[in-house]
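Student: Before I ask anything, let me first share the structure, which is written out below as structure tokens.
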Amino acid sequence: KQWYQRRVAITAGLALGDIWYVVSQKWYDRWNRHVKYDGDHPGPIENHDILLNAEISEVRDEMLENIDFVFVPLECWNFLVKKYGTSTENTAIKRQVIEFGEFSKQLKIDLSGVKIEMVFGEIKMKRILSKS
């Protein structure tokens with residue numbers, strides 16, 4: 001039943017403004033083996049291997065979806081946290097579904113979040129959501 005619930009949650013469609021969470025592929029693979037093959041308990045959710053800056057939940061630039069991390073919807077994240085816990089308070093990497101494309105609008109999960117930088121007197125902004 002848990003395996004089925006996971007599949008349903010992960011294949012849920014994107015809706016503008018929805019919240020999804022980033023989970024390290026390493027932890028996800030341990031969890032997947034645990035659920036599929038009754039393997040070892042995966043332990044608490046850990047994301048330290050994909051974070052550049054844990055204080056603002058900034059994911060390292062070179063990270064690739066389904067290689068270094070996976071996205072899980074809010075409901076799935078809540079289930080995983082309740083069942084397995086988190087390694088630290090900085091584990092949650094929350095991201096929002098945004099619209100992109102100039103002519104053909106599409107939805108995607110904004111991995112970058114928001115970050116403000118000062119470059120040669122110009123303010124450049126990126127989106128980063130809070131940790132929780």
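Ordering of the structure tokens sets the chain letters (A, B, ...); residue numbers start at 1 within each chain; ligands are numbered from 1 in the order shown.
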Excluding range 83-91 of chain A and residues on its chain fewer than 2 positions from it, collect all residues at most 6 Å away from it, counting only C-alpha atoms, and give them as a list in words.

Tutor: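 Contacts, with the query itself left out: Pro44, Ile45, Glu46, Asn47, Ala54, Leu80 and Val81 of chain A.
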
Student: Got a sec: who's within 8 Å of range 19-33 of chain A, counting only C-alpha atoms, leaving out chain neighbours fewer than 5 positions off, as a count of residues only?

Tutor: 27

Student: Quote the spacing between CA of Cys76 in chain A and CA of Lys105 in chain A in Å to one decimal place.

Tutor: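 Spanning CA of Cys76 in chain A to CA of Lys105 in chain A is a straight-line distance of 26.5 Å.
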
Student: Select from range 15-55 of chain A everything DSSP, run on the backbone, classes as helix (DSSP H, G or I), then give the selection as an NGL selection string.

Tutor: :A and (25-37 or 48-50 or 54-55)

Student: Just to confirm, what's the straight-line distance from CA of His34 in chain A to CA of Ser57 in chain A in Å (one decimal)?

Tutor: 26.5 Å

Student: What's around Lys108 in chain A at 9 Å? Count only C-alpha atoms, leave out sequence neighbours fewer than 3 positions away in its own chain, and write the answer as an NGL selection string.

Tutor: :A and (14-16 or 96-100 or 111)

Student: Based on the selection just made, write N, CA and C atoms of those residues as a CSV table (one decimal), in the first residue's frame.

Tutor:
chain,number,residue,atom,x,y,z
A,14,LEU,N,1.4,18.9,-12.1
A,14,LEU,CA,1.8,20.2,-11.6
A,14,LEU,C,0.6,21.2,-11.7
A,15,ALA,N,0.5,22.1,-10.7
A,15,ALA,CA,-0.5,23.2,-10.7
A,15,ALA,C,0.2,24.4,-10.2
A,16,LEU,N,0.0,25.5,-10.9
A,16,LEU,CA,0.6,26.8,-10.6
A,16,LEU,C,0.5,27.1,-9.1
A,96,GLN,N,8.4,26.0,-5.4
A,96,GLN,CA,7.1,26.3,-5.9
A,96,GLN,C,7.0,26.1,-7.4
A,97,VAL,N,5.8,25.7,-7.9
A,97,VAL,CA,5.5,25.5,-9.3
A,97,VAL,C,5.3,26.9,-9.9
A,98,ILE,N,6.0,27.2,-11.0
A,98,ILE,CA,5.9,28.5,-11.6
A,98,ILE,C,5.6,28.3,-13.1
A,99,GLU,N,5.2,29.4,-13.7
A,99,GLU,CA,4.9,29.4,-15.2
A,99,GLU,C,6.1,30.0,-15.9
A,100,PHE,N,6.4,29.4,-17.0
A,100,PHE,CA,7.5,29.9,-17.8
A,100,PHE,C,7.2,29.8,-19.3
A,111,LEU,N,13.5,25.2,-9.2
A,111,LEU,CA,14.6,24.7,-8.3
A,111,LEU,C,15.4,25.8,-7.7

Student: Which value, in Å to one decimal, gives the distance between CA of Val59 in chain A and CA of Gly17 in chain A?

Tutor: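 Taking CA of Val59 in chain A and CA of Gly17 in chain A, their separation equals 19.7 Å.
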
Student: Using only C-alpha atoms for the distances, tell me which of A:Glu75, A:Asp110, A:Glu102, A:Lys36 is nearest to Glu58 in chain A.

Tutor: A:Asp110
